[in-house]
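Everything below concerns the one structure shown next.
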Amino acid sequence: MIPLSRRTALIGAGALVTACAGRSRAGSGDLESVVDRAMADRATSLLIARGDTVLTERYAPGWSADRPREVASVAKSMVAVLIGMAQDDGAITGLDQSAADFIPAWRDDARAGITLHHLLSMTSGLDDAGLALRGVTGDQFAINAAAPLAHPPGTRWAYNTAAYHLLFHILMRATGETIEAYAERKLLGPLGMDDTVWVTSRGQGEEGPVTNYYSAASTARDLWAFGRMVMQGGRWQGRQLISADYVTRMITASQPLNRSYGLLWWVNEKEGLDVLARPGGRRFPNAPHDTYAALGAGGQVILIVPSRQLILVRQGDPPGSVDFADRMLADTLAVLG
């Protein structure tokens, strides 16, 4: 079950606003047509902004602006930022650091060659066949860390969510803090992401420590703030929250095996795997080459185009086509110029 946001949890579920389906801010009629199409394609929220200015946002009936929705693998991109912050803090010595420094079971076998960069770039070579990604019974860290190598580290790109889940535990071991505490202090608090929470094995209202981490739940406005910080090279309200060099590395092709992938972010600068997972194309063929994105299952997206100062956030149920984000972005750019 996805927990309530931190703010609404304090006032109780009964106080949630249940309808906010209107438009806000001034957007052209053509831009509203883009929104119309997105909402008709099962979006529950859509926000289009240029830098610090929201051009338009809309919510489906039953979805208020402060009601969080699970973001699926968009949370990967949040974790990538937290890893960079831990590196800035000195809790992690660098992305070439062996993950075995935090996973003792790997120290005496070939998995000692897996670095943090391998985990962030999806090139660890770990075999995740048969691993439960959600609803894990038992210790997620121990279960996922027991995965054997299927390929030497750095020799094969494969989207591996189970390996990514290890990064939650590595962060806690590196920083000496829970994910909740570290993320609040370093990321969510400074950005004012008051409606963002972690989706874990602990059910709503349950007490006790969290053992298993899966994703996050957030709102369009919180995701917009997150995207703005990244687009600004890690700066927020005059503070450098994360190294600009790390942000650049994060949103740049991280390896030659799939140049559409950075460090838990999708990038568009070079040809890699396209929107249909075919080699030889760009991830967003109709978008500028500097586009990058946080993408989650079911159509949860943050699309960022720095050259146009554009951020587009979409949340909702699975859309009708796999290239919906590319088309939505192309339509938006056609309107805005």
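Every chain in the structure tokens has a letter given in the order shown (A, B, ...), and although residue numbers restart at 1 in each chain, ligands are simply numbered from 1 in the order shown.
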
For this session: May I have the residues within 6 Å of region 300-309 of chain A as a count of residues only, using only C-alpha atoms and disregarding those fewer than 6 positions away in the same chain?
Result: 8

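Contact shell of Ala80 (chain A) at 9 Å (only C-alpha atoms; same-chain neighbours under 2 positions omitted): Ala75, Lys76, Ser77, Met78, Leu82, Ile83, Gly84, Met85, Leu120, Leu167, Met250, Leu263, Leu264 and Trp265 of chain A.
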
Problem set entry | Residue neighbourhood Asp127 (chain A), 12 Å, only C-alpha atoms, exclusion window fewer than 5 positions, as number ranges by chain | A: 111, 122, 144-153, 156-163

Please produce a file of those selected residues containing C-alpha atoms, as a PDB file, in the first residue's frame.
```
ATOM      1  CA  ARG A 111      31.443  -9.816  -7.460  1.00  0.00           C
ATOM      2  CA  MET A 122      22.979  -1.131 -15.087  1.00  0.00           C
ATOM      3  CA  ASN A 144      19.430  -9.478  -3.701  1.00  0.00           C
ATOM      4  CA  ALA A 145      23.067  -9.556  -2.608  1.00  0.00           C
ATOM      5  CA  ALA A 146      23.002 -13.337  -3.064  1.00  0.00           C
ATOM      6  CA  ALA A 147      22.417 -12.968  -6.807  1.00  0.00           C
ATOM      7  CA  PRO A 148      25.232 -14.604  -8.802  1.00  0.00           C
ATOM      8  CA  LEU A 149      27.118 -13.022 -11.646  1.00  0.00           C
ATOM      9  CA  ALA A 150      25.727 -13.834 -15.065  1.00  0.00           C
ATOM     10  CA  HIS A 151      28.294 -11.711 -16.920  1.00  0.00           C
ATOM     11  CA  PRO A 152      31.563 -10.014 -15.964  1.00  0.00           C
ATOM     12  CA  PRO A 153      30.905  -6.518 -14.601  1.00  0.00           C
ATOM     13  CA  ARG A 156      26.604  -6.214 -20.612  1.00  0.00           C
ATOM     14  CA  TRP A 157      23.870  -3.627 -20.125  1.00  0.00           C
ATOM     15  CA  ALA A 158      20.625  -4.962 -18.637  1.00  0.00           C
ATOM     16  CA  TYR A 159      17.882  -3.106 -16.818  1.00  0.00           C
ATOM     17  CA  ASN A 160      18.135  -4.669 -13.369  1.00  0.00           C
ATOM     18  CA  THR A 161      15.802  -3.315 -10.685  1.00  0.00           C
ATOM     19  CA  ALA A 162      16.840  -5.881  -8.077  1.00  0.00           C
ATOM     20  CA  ALA A 163      20.449  -4.694  -8.330  1.00  0.00           C
TER      21      ALA A 163
END
```

For this session: For Gly234 (chain A), list every protein, DNA or RNA residue within 10 Å, evaluated using only C-alpha atoms, and leave out those in the same chain fewer than 2 positions away; present the list as a PyMOL selection string.
Result: chain A and resi 81+85+226-232+236+239-248

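For the set A:Met39, A:Ala183, A:Arg235, A:Arg259, the residue with the smallest atom-to-atom gap to Ala216 (chain A) is A:Ala183, counting only C-alpha atoms.
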
For this session: May I have all residues of region 86-297 of chain A that DSSP, computed from the backbone, assigns to helix (DSSP H, G or I), given as a ChimeraX atom specification?
Result: /A:86-89,99-101,104-106,110-113,116-121,140-145,161-175,179-191,220-231,244-250

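Between CA of Val74 (chain A) and CA of Gly337 (chain A) lies a distance of 27.1 Å.
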
Problem set entry | Polymer residues at most 7 Å from Pro68 (chain A), only C-alpha atoms, same-chain spacing of 6 or more positions, as JSON, numbers by chain | {"A": [5, 195, 196, 217, 218, 219]}

Since we have the selection now, will you write its residues out, keeping N, CA, C and O atoms, as a PDB file, in the first residue's frame?
```pdb
ATOM      1  N   SER A   5       1.155  11.083   2.113  1.00  0.00           N
ATOM      2  CA  SER A   5       2.270  11.999   2.226  1.00  0.00           C
ATOM      3  C   SER A   5       2.493  12.367   3.674  1.00  0.00           C
ATOM      4  O   SER A   5       1.639  12.192   4.529  1.00  0.00           O
ATOM      5  N   ASP A 195       5.380  16.298  -0.082  1.00  0.00           N
ATOM      6  CA  ASP A 195       4.412  15.235  -0.339  1.00  0.00           C
ATOM      7  C   ASP A 195       5.058  13.984  -0.923  1.00  0.00           C
ATOM      8  O   ASP A 195       4.370  13.149  -1.507  1.00  0.00           O
ATOM      9  N   THR A 196       6.365  13.874  -0.758  1.00  0.00           N
ATOM     10  CA  THR A 196       7.086  12.717  -1.285  1.00  0.00           C
ATOM     11  C   THR A 196       7.488  11.793  -0.136  1.00  0.00           C
ATOM     12  O   THR A 196       8.021  12.249   0.876  1.00  0.00           O
ATOM     13  N   ALA A 217       6.603   7.632  -3.628  1.00  0.00           N
ATOM     14  CA  ALA A 217       5.347   8.230  -4.083  1.00  0.00           C
ATOM     15  C   ALA A 217       5.532   9.739  -4.022  1.00  0.00           C
ATOM     16  O   ALA A 217       6.118  10.264  -3.064  1.00  0.00           O
ATOM     17  N   SER A 218       5.056  10.423  -5.037  1.00  0.00           N
ATOM     18  CA  SER A 218       5.300  11.861  -5.122  1.00  0.00           C
ATOM     19  C   SER A 218       4.173  12.533  -5.879  1.00  0.00           C
ATOM     20  O   SER A 218       3.226  11.889  -6.346  1.00  0.00           O
ATOM     21  N   THR A 219       4.274  13.844  -5.997  1.00  0.00           N
ATOM     22  CA  THR A 219       3.301  14.648  -6.730  1.00  0.00           C
ATOM     23  C   THR A 219       3.982  15.323  -7.908  1.00  0.00           C
ATOM     24  O   THR A 219       5.215  15.417  -7.972  1.00  0.00           O
TER      25      THR A 219
END
```

From the DSSP assignment of the backbone, select every residue of region 182-274 of chain A that is strand (DSSP E or B), and format the answer as a PDB file with N, CA, C and O atoms, in the first residue's frame.
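Heads up, here's the output in selection_13.pdb:
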```pdb
ATOM      1  N   VAL A 197       7.193  10.511  -0.300  1.00  0.00           N
ATOM      2  CA  VAL A 197       7.545   9.497   0.700  1.00  0.00           C
ATOM      3  C   VAL A 197       8.098   8.275  -0.017  1.00  0.00           C
ATOM      4  O   VAL A 197       7.917   8.098  -1.220  1.00  0.00           O
ATOM      5  N   TRP A 198       8.764   7.413   0.737  1.00  0.00           N
ATOM      6  CA  TRP A 198       9.328   6.184   0.179  1.00  0.00           C
ATOM      7  C   TRP A 198       8.323   5.054   0.280  1.00  0.00           C
ATOM      8  O   TRP A 198       7.616   4.927   1.273  1.00  0.00           O
ATOM      9  N   VAL A 199       8.264   4.258  -0.757  1.00  0.00           N
ATOM     10  CA  VAL A 199       7.394   3.085  -0.785  1.00  0.00           C
ATOM     11  C   VAL A 199       8.225   1.893  -0.328  1.00  0.00           C
ATOM     12  O   VAL A 199       9.226   1.531  -0.958  1.00  0.00           O
ATOM     13  N   THR A 200       7.823   1.291   0.779  1.00  0.00           N
ATOM     14  CA  THR A 200       8.633   0.268   1.426  1.00  0.00           C
ATOM     15  C   THR A 200       7.778  -0.936   1.806  1.00  0.00           C
ATOM     16  O   THR A 200       6.575  -0.973   1.546  1.00  0.00           O
ATOM     17  N   TYR A 213      13.125  -1.554   0.599  1.00  0.00           N
ATOM     18  CA  TYR A 213      12.759  -0.324  -0.112  1.00  0.00           C
ATOM     19  C   TYR A 213      12.474  -0.660  -1.574  1.00  0.00           C
ATOM     20  O   TYR A 213      13.187  -1.451  -2.191  1.00  0.00           O
ATOM     21  N   TYR A 214      11.438  -0.020  -2.136  1.00  0.00           N
ATOM     22  CA  TYR A 214      11.047  -0.307  -3.518  1.00  0.00           C
ATOM     23  C   TYR A 214      11.058   0.926  -4.415  1.00  0.00           C
ATOM     24  O   TYR A 214      11.640   0.930  -5.483  1.00  0.00           O
ATOM     25  N   SER A 215      10.378   1.981  -3.979  1.00  0.00           N
ATOM     26  CA  SER A 215      10.182   3.125  -4.864  1.00  0.00           C
ATOM     27  C   SER A 215       9.860   4.339  -4.005  1.00  0.00           C
ATOM     28  O   SER A 215      10.214   4.395  -2.825  1.00  0.00           O
ATOM     29  N   ALA A 216       9.160   5.305  -4.603  1.00  0.00           N
ATOM     30  CA  ALA A 216       8.700   6.486  -3.890  1.00  0.00           C
ATOM     31  C   ALA A 216       7.319   6.840  -4.409  1.00  0.00           C
ATOM     32  O   ALA A 216       6.894   6.391  -5.475  1.00  0.00           O
ATOM     33  N   ALA A 217       6.603   7.632  -3.628  1.00  0.00           N
ATOM     34  CA  ALA A 217       5.347   8.230  -4.083  1.00  0.00           C
ATOM     35  C   ALA A 217       5.532   9.739  -4.022  1.00  0.00           C
ATOM     36  O   ALA A 217       6.118  10.264  -3.064  1.00  0.00           O
ATOM     37  N   SER A 218       5.056  10.423  -5.037  1.00  0.00           N
ATOM     38  CA  SER A 218       5.300  11.861  -5.122  1.00  0.00           C
ATOM     39  C   SER A 218       4.173  12.533  -5.879  1.00  0.00           C
ATOM     40  O   SER A 218       3.226  11.889  -6.346  1.00  0.00           O
ATOM     41  N   ARG A 235      21.917  23.211  -8.308  1.00  0.00           N
ATOM     42  CA  ARG A 235      21.724  24.418  -7.488  1.00  0.00           C
ATOM     43  C   ARG A 235      20.251  24.597  -7.142  1.00  0.00           C
ATOM     44  O   ARG A 235      19.358  24.292  -7.931  1.00  0.00           O
ATOM     45  N   TRP A 236      20.016  25.136  -5.953  1.00  0.00           N
ATOM     46  CA  TRP A 236      18.646  25.391  -5.507  1.00  0.00           C
ATOM     47  C   TRP A 236      18.654  26.573  -4.551  1.00  0.00           C
ATOM     48  O   TRP A 236      19.285  26.531  -3.508  1.00  0.00           O
ATOM     49  N   ARG A 239      21.990  27.670  -3.289  1.00  0.00           N
ATOM     50  CA  ARG A 239      22.835  26.649  -2.669  1.00  0.00           C
ATOM     51  C   ARG A 239      23.157  25.560  -3.683  1.00  0.00           C
ATOM     52  O   ARG A 239      22.307  25.196  -4.496  1.00  0.00           O
ATOM     53  N   GLN A 240      24.380  25.057  -3.617  1.00  0.00           N
ATOM     54  CA  GLN A 240      24.777  23.929  -4.448  1.00  0.00           C
ATOM     55  C   GLN A 240      24.511  22.665  -3.653  1.00  0.00           C
ATOM     56  O   GLN A 240      25.291  22.282  -2.773  1.00  0.00           O
ATOM     57  N   TYR A 261      21.586   5.559 -21.749  1.00  0.00           N
ATOM     58  CA  TYR A 261      21.456   5.466 -20.299  1.00  0.00           C
ATOM     59  C   TYR A 261      22.631   6.126 -19.608  1.00  0.00           C
ATOM     60  O   TYR A 261      23.793   5.861 -19.922  1.00  0.00           O
ATOM     61  N   TRP A 266      17.675   8.346 -18.119  1.00  0.00           N
ATOM     62  CA  TRP A 266      17.681   8.116 -19.559  1.00  0.00           C
ATOM     63  C   TRP A 266      18.124   9.391 -20.264  1.00  0.00           C
ATOM     64  O   TRP A 266      17.684  10.489 -19.908  1.00  0.00           O
ATOM     65  N   VAL A 267      18.995   9.249 -21.273  1.00  0.00           N
ATOM     66  CA  VAL A 267      19.562  10.410 -21.952  1.00  0.00           C
ATOM     67  C   VAL A 267      19.356  10.277 -23.456  1.00  0.00           C
ATOM     68  O   VAL A 267      19.085   9.197 -23.978  1.00  0.00           O
ATOM     69  N   GLY A 272      21.456   4.848 -28.765  1.00  0.00           N
ATOM     70  CA  GLY A 272      21.618   3.684 -27.904  1.00  0.00           C
ATOM     71  C   GLY A 272      20.449   2.749 -28.133  1.00  0.00           C
ATOM     72  O   GLY A 272      20.281   2.202 -29.215  1.00  0.00           O
ATOM     73  N   LEU A 273      19.609   2.604 -27.114  1.00  0.00           N
ATOM     74  CA  LEU A 273      18.351   1.889 -27.288  1.00  0.00           C
ATOM     75  C   LEU A 273      17.239   2.911 -27.416  1.00  0.00           C
ATOM     76  O   LEU A 273      17.140   3.839 -26.615  1.00  0.00           O
TER      77      LEU A 273
END
```

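The environment of Arg282 (chain A) within 7 Å, counting only C-alpha atoms and disregarding residues fewer than 3 places along the same chain, consists of Ser260, Asn268, Lys270, Glu271, Gly272, Leu273, Asp274 and Pro285 of chain A.
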
Write out the residues from the selection above, keeping C-alpha atoms, as a compact mmCIF listing (two decimals), in the first residue's frame.
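Just written: result_0.txt:
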```txt
# COMPACT_ATOMS: atom_id res chain seq x y z
CA SER A 260 20.76 6.05 -23.99
CA ASN A 268 19.15 11.44 -25.57
CA LYS A 270 23.73 9.63 -28.44
CA GLU A 271 22.18 6.65 -30.20
CA GLY A 272 21.62 3.68 -27.90
CA LEU A 273 18.35 1.89 -27.29
CA ASP A 274 15.33 3.72 -28.63
CA PRO A 285 13.86 10.53 -31.50
```

Exercise. Rounded to one decimal in Å, what is the spacing between CA of Arg67 (chain A) and CA of Leu223 (chain A)?
Worked result: 12.5 Å

For this session: Please identify all polymer residues within 6 Å of Ile114 (chain A), counting only C-alpha atoms, omitting same-chain residues fewer than 4 positions from it, and present them as an MDAnalysis selection string.
Result: chainID A and resid 98:99 124 153

Let me see the file: selected residues, N, CA and C atoms, as a tab-separated table (two decimals), in the first residue's frame.
```
chain	number	residue	atom	x	y	z
A	98	SER	N	34.41	-0.14	-4.89
A	98	SER	CA	33.79	-1.47	-4.96
A	98	SER	C	32.55	-1.51	-4.09
A	99	ALA	N	31.47	-2.03	-4.66
A	99	ALA	CA	30.25	-2.20	-3.87
A	99	ALA	C	30.47	-3.20	-2.74
A	124	SER	N	26.15	-4.18	-13.91
A	124	SER	CA	26.75	-4.99	-12.84
A	124	SER	C	27.02	-6.42	-13.27
A	153	PRO	N	31.34	-7.91	-14.75
A	153	PRO	CA	30.91	-6.52	-14.60
A	153	PRO	C	31.41	-5.63	-15.74
```

Exercise. Hey, which of A:Thr178, A:Phe324, A:Asp317, A:Ala334 ends up closest to Arg42 (chain A)? Count only C-alpha atoms.
Worked result: A:Asp317

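Between Gly262 (chain A) and the residues A:Leu119, A:Ala287, A:Ala112, A:Val313, the shortest atom-to-atom distance, using only C-alpha atoms, involves A:Leu119.
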